[in-house]
Amino acid sequence: MAIKHYLTFADLTLAEYEYLIERTKVIKRKFKNYEPYHPLLDRTLVMVFEKNSTRTRLSFEAGMHQLGGAAIYLNTRDSQLGRGEPVEDAAQVMSRMCDVIMIRTFGQEIIDRFAAHSRVPVINGLTNEHHPCQVFADVFTYIEHRGSIAGKTVAWVGDANNMLYSWLQAAEVFGFHVNVSTPAGYDINPALVSPNHQRHTVFANPADACEGADLVTTDVWTSMGYEQENAARLKAFDGWIVDADKMRRANKDALFMHCLPAHRGEEVSADVIDGPQSVVWEEAENRLHVQKALLEYLVLGKV
Ligand code: CP
Ligand code: NVA
């Protein structure tokens, strides 16, 4: 079987996502019923973290364990990556000792170089430019609550960051539309969006972006790696909070999502994230289930 990597949301086709969604439902049901399912017995996942994480580490590590395999955590601080070992060399070595690798790092080019030298599948656990596992969990969560996402409208209010670029790719794969509103100076980088992307509209006013949306979503104003810009961002993003007024512009049954961690009172008000339209805990839990389906698929192919 040819090695398949998952470096951006666009790396899988709609047919593959449809298969993975069905597998996710099966795997989630088994988990809820305490039914052992060990297709990855004796397989090993290496997780490389160059940035902090709670959900990504936990969901991959628990998920691999639940599939019968083992997961090993490495970080920049105490591995040789932090002392300048080239990623190409690290990829050669790690992929001779394990079956699948997950990386959270800075530039997308790092994970691209890593994957080019890996003998086993590589999964993007977040880069500066993409967060495909999270958006896959979000799309799955939407479908679980509301059925097909094709033809729906997702409102993105906030920073043009890794989450947004994965949402824009997901819109092309699944056939939905994204209303985007970012403050001036924090606009979409066209180099990270496919040429002739037909499935998004930019709004200067964040409340207008929420009009008629089926899902409203946001993320932190300062992503990991951009901490030195925090003070400037707090000023620039004033008015971009997702609050009850903006949710009222969306459809009555609109959902609210946030990949977490969240800052109540900055990008989202407490009454929205803790309110009845919010599905943030389901979204976080679904990281576990979709990634188990993804691990099974990348290591074993269709089962
Ligand atoms: N949403 C997400 O990826 O969370 P962590 O940074 O905790 O992994
Ligand atoms: N955009 C955020 C997501 C964290 C899960 C970041 O990159 O820090």
# chains A, B, ... in the order shown; residues from 1 in each chain; ligands from 1
call {"tool": "residues_around", "arguments": {"residues": "Phe31 in chain A", "least_positions_apart": "3", "cutoff": "10 Å", "atoms": "only C-alpha atoms", "output": "number ranges by chain"}}
result
A: 25-28, 34-37, 63, 66-67, 289
call {"tool": "write_last_selection", "arguments": {"atoms": "N, CA, C and O atoms", "output": "PDB file, in the first residue's frame"}}
result
ATOM      1  N   LYS A  25     -18.275   6.525  13.322  1.00  0.00           N
ATOM      2  CA  LYS A  25     -19.513   6.164  14.039  1.00  0.00           C
ATOM      3  C   LYS A  25     -19.374   4.777  14.675  1.00  0.00           C
ATOM      4  O   LYS A  25     -19.759   4.566  15.821  1.00  0.00           O
ATOM      5  N   VAL A  26     -18.811   3.832  13.921  1.00  0.00           N
ATOM      6  CA  VAL A  26     -18.648   2.460  14.425  1.00  0.00           C
ATOM      7  C   VAL A  26     -17.693   2.462  15.623  1.00  0.00           C
ATOM      8  O   VAL A  26     -17.974   1.873  16.679  1.00  0.00           O
ATOM      9  N   ILE A  27     -16.560   3.144  15.459  1.00  0.00           N
ATOM     10  CA  ILE A  27     -15.521   3.150  16.499  1.00  0.00           C
ATOM     11  C   ILE A  27     -16.021   3.874  17.751  1.00  0.00           C
ATOM     12  O   ILE A  27     -15.755   3.445  18.877  1.00  0.00           O
ATOM     13  N   LYS A  28     -16.778   4.935  17.553  1.00  0.00           N
ATOM     14  CA  LYS A  28     -17.334   5.678  18.702  1.00  0.00           C
ATOM     15  C   LYS A  28     -18.335   4.800  19.466  1.00  0.00           C
ATOM     16  O   LYS A  28     -18.353   4.782  20.693  1.00  0.00           O
ATOM     17  N   TYR A  34     -17.924   0.135  25.731  1.00  0.00           N
ATOM     18  CA  TYR A  34     -16.774  -0.554  26.356  1.00  0.00           C
ATOM     19  C   TYR A  34     -16.425  -1.841  25.625  1.00  0.00           C
ATOM     20  O   TYR A  34     -16.064  -2.845  26.222  1.00  0.00           O
ATOM     21  N   GLU A  35     -16.575  -1.799  24.293  1.00  0.00           N
ATOM     22  CA  GLU A  35     -16.295  -2.995  23.489  1.00  0.00           C
ATOM     23  C   GLU A  35     -14.843  -2.928  23.017  1.00  0.00           C
ATOM     24  O   GLU A  35     -14.486  -2.024  22.262  1.00  0.00           O
ATOM     25  N   PRO A  36     -13.985  -3.841  23.442  1.00  0.00           N
ATOM     26  CA  PRO A  36     -12.584  -3.764  23.015  1.00  0.00           C
ATOM     27  C   PRO A  36     -12.476  -3.853  21.496  1.00  0.00           C
ATOM     28  O   PRO A  36     -13.180  -4.643  20.862  1.00  0.00           O
ATOM     29  N   TYR A  37     -11.605  -3.022  20.927  1.00  0.00           N
ATOM     30  CA  TYR A  37     -11.387  -3.039  19.486  1.00  0.00           C
ATOM     31  C   TYR A  37      -9.912  -2.718  19.262  1.00  0.00           C
ATOM     32  O   TYR A  37      -9.483  -1.590  19.478  1.00  0.00           O
ATOM     33  N   GLY A  63      -6.385   7.405  22.090  1.00  0.00           N
ATOM     34  CA  GLY A  63      -6.931   6.721  20.916  1.00  0.00           C
ATOM     35  C   GLY A  63      -6.073   5.544  20.492  1.00  0.00           C
ATOM     36  O   GLY A  63      -6.572   4.456  20.215  1.00  0.00           O
ATOM     37  N   GLN A  66      -6.481   2.771  22.940  1.00  0.00           N
ATOM     38  CA  GLN A  66      -7.777   2.087  22.783  1.00  0.00           C
ATOM     39  C   GLN A  66      -7.806   1.202  21.541  1.00  0.00           C
ATOM     40  O   GLN A  66      -8.560   0.227  21.484  1.00  0.00           O
ATOM     41  N   LEU A  67      -6.991   1.526  20.536  1.00  0.00           N
ATOM     42  CA  LEU A  67      -6.935   0.690  19.324  1.00  0.00           C
ATOM     43  C   LEU A  67      -5.970  -0.485  19.488  1.00  0.00           C
ATOM     44  O   LEU A  67      -5.725  -1.224  18.543  1.00  0.00           O
ATOM     45  N   HIS A 289     -12.536  10.266  18.481  1.00  0.00           N
ATOM     46  CA  HIS A 289     -13.186   9.277  17.619  1.00  0.00           C
ATOM     47  C   HIS A 289     -12.745   9.401  16.150  1.00  0.00           C
ATOM     48  O   HIS A 289     -12.463   8.404  15.507  1.00  0.00           O
TER      49      HIS A 289
END
call {"tool": "closest_atom_pairs", "arguments": {"of": "range 189-279 of chain A", "to": "range 135-140 of chain A", "cutoff": "9 Å", "atoms": "only C-alpha atoms", "output": "tab-separated table"}}
result
residue	atom	partner	partner_atom	distance
A:Met257	CA	A:Asp138	CA	7.6
A:His258	CA	A:Asp138	CA	8.8
A:Cys259	CA	A:Asp138	CA	8.1
call {"tool": "write_last_selection", "arguments": {"atoms": "N, CA, C and O atoms", "output": "PDB file, in the first residue's frame"}}
result
ATOM      1  N   MET A 257     -19.105  26.640  17.646  1.00  0.00           N
ATOM      2  CA  MET A 257     -17.928  25.777  17.874  1.00  0.00           C
ATOM      3  C   MET A 257     -16.685  26.621  18.146  1.00  0.00           C
ATOM      4  O   MET A 257     -16.561  27.752  17.659  1.00  0.00           O
ATOM      5  N   HIS A 258     -15.779  26.026  18.895  1.00  0.00           N
ATOM      6  CA  HIS A 258     -14.472  26.637  19.197  1.00  0.00           C
ATOM      7  C   HIS A 258     -13.538  25.459  19.452  1.00  0.00           C
ATOM      8  O   HIS A 258     -13.859  24.570  20.236  1.00  0.00           O
ATOM      9  N   CYS A 259     -12.372  25.460  18.820  1.00  0.00           N
ATOM     10  CA  CYS A 259     -11.500  24.285  18.938  1.00  0.00           C
ATOM     11  C   CYS A 259     -10.908  24.138  20.336  1.00  0.00           C
ATOM     12  O   CYS A 259     -10.448  23.057  20.699  1.00  0.00           O
TER      13      CYS A 259
END
call {"tool": "residues_near_ligand", "arguments": {"ligand": "ligand 1", "cutoff": "8 Å", "atoms": "only C-alpha atoms and all ligand atoms", "output": "PDB file with N, CA, C and O atoms, in the first residue's frame"}}
result
ATOM      1  N   ASN A  52       2.672  23.489  22.708  1.00  0.00           N
ATOM      2  CA  ASN A  52       1.856  22.917  23.789  1.00  0.00           C
ATOM      3  C   ASN A  52       0.612  22.209  23.244  1.00  0.00           C
ATOM      4  O   ASN A  52       0.174  22.487  22.130  1.00  0.00           O
ATOM      5  N   SER A  53       0.035  21.359  24.078  1.00  0.00           N
ATOM      6  CA  SER A  53      -1.219  20.690  23.706  1.00  0.00           C
ATOM      7  C   SER A  53      -1.839  20.012  24.919  1.00  0.00           C
ATOM      8  O   SER A  53      -1.132  19.462  25.761  1.00  0.00           O
ATOM      9  N   THR A  54      -3.149  20.029  24.967  1.00  0.00           N
ATOM     10  CA  THR A  54      -3.898  19.170  25.900  1.00  0.00           C
ATOM     11  C   THR A  54      -4.697  18.148  25.084  1.00  0.00           C
ATOM     12  O   THR A  54      -4.476  16.947  25.172  1.00  0.00           O
ATOM     13  N   ARG A  55      -5.621  18.648  24.254  1.00  0.00           N
ATOM     14  CA  ARG A  55      -6.538  17.772  23.512  1.00  0.00           C
ATOM     15  C   ARG A  55      -5.837  16.874  22.489  1.00  0.00           C
ATOM     16  O   ARG A  55      -6.168  15.695  22.360  1.00  0.00           O
ATOM     17  N   THR A  56      -4.890  17.444  21.761  1.00  0.00           N
ATOM     18  CA  THR A  56      -4.285  16.669  20.674  1.00  0.00           C
ATOM     19  C   THR A  56      -3.467  15.524  21.249  1.00  0.00           C
ATOM     20  O   THR A  56      -3.576  14.377  20.801  1.00  0.00           O
ATOM     21  N   ARG A  57      -2.686  15.837  22.282  1.00  0.00           N
ATOM     22  CA  ARG A  57      -1.908  14.763  22.889  1.00  0.00           C
ATOM     23  C   ARG A  57      -2.824  13.694  23.475  1.00  0.00           C
ATOM     24  O   ARG A  57      -2.642  12.497  23.242  1.00  0.00           O
ATOM     25  N   LEU A  58      -3.793  14.146  24.251  1.00  0.00           N
ATOM     26  CA  LEU A  58      -4.663  13.192  24.944  1.00  0.00           C
ATOM     27  C   LEU A  58      -5.451  12.338  23.953  1.00  0.00           C
ATOM     28  O   LEU A  58      -5.541  11.109  24.117  1.00  0.00           O
ATOM     29  N   GLY A 125      -0.758  17.425  13.418  1.00  0.00           N
ATOM     30  CA  GLY A 125      -1.449  17.705  14.681  1.00  0.00           C
ATOM     31  C   GLY A 125      -1.502  19.191  14.975  1.00  0.00           C
ATOM     32  O   GLY A 125      -1.722  19.568  16.123  1.00  0.00           O
ATOM     33  N   LEU A 126      -1.311  20.002  13.979  1.00  0.00           N
ATOM     34  CA  LEU A 126      -1.371  21.484  13.968  1.00  0.00           C
ATOM     35  C   LEU A 126      -0.034  22.053  13.512  1.00  0.00           C
ATOM     36  O   LEU A 126       1.023  21.681  14.024  1.00  0.00           O
ATOM     37  N   HIS A 131      -4.876  22.939  10.641  1.00  0.00           N
ATOM     38  CA  HIS A 131      -5.228  22.075  11.780  1.00  0.00           C
ATOM     39  C   HIS A 131      -6.315  21.097  11.313  1.00  0.00           C
ATOM     40  O   HIS A 131      -7.465  21.156  11.747  1.00  0.00           O
ATOM     41  N   GLN A 134      -8.612  18.831  13.720  1.00  0.00           N
ATOM     42  CA  GLN A 134      -9.647  19.561  14.457  1.00  0.00           C
ATOM     43  C   GLN A 134     -10.845  19.848  13.553  1.00  0.00           C
ATOM     44  O   GLN A 134     -11.991  19.653  13.957  1.00  0.00           O
ATOM     45  N   CYS A 259     -12.372  25.460  18.820  1.00  0.00           N
ATOM     46  CA  CYS A 259     -11.500  24.285  18.938  1.00  0.00           C
ATOM     47  C   CYS A 259     -10.908  24.138  20.336  1.00  0.00           C
ATOM     48  O   CYS A 259     -10.448  23.057  20.699  1.00  0.00           O
ATOM     49  N   LEU A 260     -10.909  25.250  21.114  1.00  0.00           N
ATOM     50  CA  LEU A 260     -10.363  25.255  22.482  1.00  0.00           C
ATOM     51  C   LEU A 260      -8.833  25.122  22.444  1.00  0.00           C
ATOM     52  O   LEU A 260      -8.338  24.460  21.540  1.00  0.00           O
ATOM     53  N   PRO A 261      -8.107  25.712  23.374  1.00  0.00           N
ATOM     54  CA  PRO A 261      -8.607  26.425  24.553  1.00  0.00           C
ATOM     55  C   PRO A 261      -9.197  27.783  24.187  1.00  0.00           C
ATOM     56  O   PRO A 261      -8.784  28.400  23.208  1.00  0.00           O
ATOM     57  N   ALA A 284     -14.664  18.586  21.149  1.00  0.00           N
ATOM     58  CA  ALA A 284     -13.386  18.126  21.718  1.00  0.00           C
ATOM     59  C   ALA A 284     -13.371  16.601  21.805  1.00  0.00           C
ATOM     60  O   ALA A 284     -12.388  15.956  21.421  1.00  0.00           O
TER      61      ALA A 284
END
call {"tool": "closest_atom_pairs", "arguments": {"of": "chain A", "to": "ligand 2", "cutoff": "6 Å", "atoms": "only C-alpha atoms and all ligand atoms", "output": "Markdown table"}}
result
| residue | atom | partner | partner_atom_place_in_ligand_line | distance |
| --- | --- | --- | --- | --- |
| A:Asn161 | CA | ligand 2 | 1 (N) | 5.8 |
| A:Asn162 | CA | ligand 2 | 1 (N) | 5.7 |
| A:Met163 | CA | ligand 2 | 1 (N) | 5.9 |
| A:Ser223 | CA | ligand 2 | 8 (O) | 3.4 |
| A:Met224 | CA | ligand 2 | 8 (O) | 3.8 |
| A:Cys259 | CA | ligand 2 | 5 (C) | 6.0 |
| A:Leu260 | CA | ligand 2 | 5 (C) | 5.9 |
call {"tool": "write_last_selection", "arguments": {"atoms": "C-alpha atoms", "output": "short mmCIF file (atom, residue, chain, number, x, y, z; two decimals), in the first residue's frame"}}
result
data_model
loop_
_atom_site.label_atom_id
_atom_site.label_comp_id
_atom_site.auth_asym_id
_atom_site.auth_seq_id
_atom_site.Cartn_x
_atom_site.Cartn_y
_atom_site.Cartn_z
CA ASN A 161 -5.27 31.27 11.27
CA ASN A 162 -4.62 27.54 10.88
CA MET A 163 -8.25 26.69 11.76
CA SER A 223 -2.21 31.52 18.15
CA MET A 224 0.80 29.65 19.51
CA CYS A 259 -11.50 24.29 18.94
CA LEU A 260 -10.36 25.25 22.48
#
call {"tool": "select_by_dssp", "arguments": {"residues": "range 41-248 of chain A", "states": "helix (DSSP H, G or I)", "output": "ChimeraX atom specification"}}
result
/A:55-66,80-83,87-97,108-116,132-146,162-174,190-192,206-210,227-236,244-248
call {"tool": "select_by_dssp", "arguments": {"residues": "range 107-292 of chain A", "states": "strand (DSSP E or B)", "output": "number ranges by chain"}}
result
A: 122-124, 153-157, 177-181, 200-202, 215-218, 242, 255-258, 264, 268, 278
call {"tool": "residues_around", "arguments": {"residues": "Arg249 in chain A", "least_positions_apart": "6", "cutoff": "8 Å", "atoms": "only C-alpha atoms", "output": "VMD selection string"}}
result
chain A and resid 207 to 208 210 to 213
call {"tool": "closest_residue", "arguments": {"among": "A:Tyr19, A:Asp11, A:Arg77, A:Lys246", "to": "Gly301 in chain A", "atoms": "only C-alpha atoms"}}
result
A:Tyr19
call {"tool": "atom_distance", "arguments": {"atom1": "CA of Asp274 in chain A", "atom2": "CA of Asn286 in chain A"}}
result
18.0 Å
call {"tool": "atom_distance", "arguments": {"atom1": "CA of Lys252 in chain A", "atom2": "CA of Thr218 in chain A"}}
result
18.2 Å
call {"tool": "residues_around", "arguments": {"residues": "His263 in chain A", "least_positions_apart": "4", "cutoff": "10 Å", "atoms": "only C-alpha atoms", "output": "PyMOL selection string"}}
result
chain A and resi 219-221+267-270+273
call {"tool": "closest_residue", "arguments": {"among": "A:Gly175, A:Phe60, A:Ala2, A:Thr13", "to": "Ile72 in chain A", "atoms": "only C-alpha atoms"}}
result
A:Phe60
call {"tool": "atom_distance", "arguments": {"atom1": "CA of Asp187 in chain A", "atom2": "CA of Leu255 in chain A"}}
result
24.2 Å
call {"tool": "residues_around", "arguments": {"residues": "Tyr165 in chain A", "least_positions_apart": "5", "cutoff": "10 Å", "atoms": "only C-alpha atoms", "output": "PyMOL selection string"}}
result
chain A and resi 8-9+128-132+135+160+170-171+188-189+192-194
call {"tool": "write_last_selection", "arguments": {"atoms": "C-alpha atoms", "output": "PDB file, in the first residue's frame"}}
result
ATOM      1  CA  THR A   8      -3.800  19.237   5.188  1.00  0.00           C
ATOM      2  CA  PHE A   9      -7.568  18.765   5.030  1.00  0.00           C
ATOM      3  CA  ASN A 128       0.932  27.559  11.767  1.00  0.00           C
ATOM      4  CA  GLU A 129      -1.066  27.092   8.569  1.00  0.00           C
ATOM      5  CA  HIS A 130      -3.371  24.083   9.116  1.00  0.00           C
ATOM      6  CA  HIS A 131      -5.228  22.075  11.780  1.00  0.00           C
ATOM      7  CA  PRO A 132      -6.976  19.376   9.745  1.00  0.00           C
ATOM      8  CA  VAL A 135     -11.704  20.629  11.445  1.00  0.00           C
ATOM      9  CA  ALA A 160      -7.117  34.195   9.714  1.00  0.00           C
ATOM     10  CA  ALA A 170     -13.149  21.565   4.114  1.00  0.00           C
ATOM     11  CA  ALA A 171     -15.663  23.861   2.375  1.00  0.00           C
ATOM     12  CA  ILE A 188      -6.709  35.860   4.649  1.00  0.00           C
ATOM     13  CA  ASN A 189      -3.317  35.066   3.095  1.00  0.00           C
ATOM     14  CA  LEU A 192      -2.924  29.569   1.696  1.00  0.00           C
ATOM     15  CA  VAL A 193      -6.230  29.357  -0.166  1.00  0.00           C
ATOM     16  CA  SER A 194      -6.681  27.435  -3.401  1.00  0.00           C
TER      17      SER A 194
END
call {"tool": "closest_residue", "arguments": {"among": "A:Val173, A:Trp167, A:Lys51, A:Gln277", "to": "Cys133 in chain A", "atoms": "only C-alpha atoms"}}
result
A:Trp167
call {"tool": "residues_around", "arguments": {"residues": "Ala232 in chain A", "least_positions_apart": "6", "cutoff": "12 Å", "atoms": "only C-alpha atoms", "output": "list in words"}}
result
Pro183, Gly185, Tyr186, Trp221, Thr222, Tyr226 and Asp238 of chain A
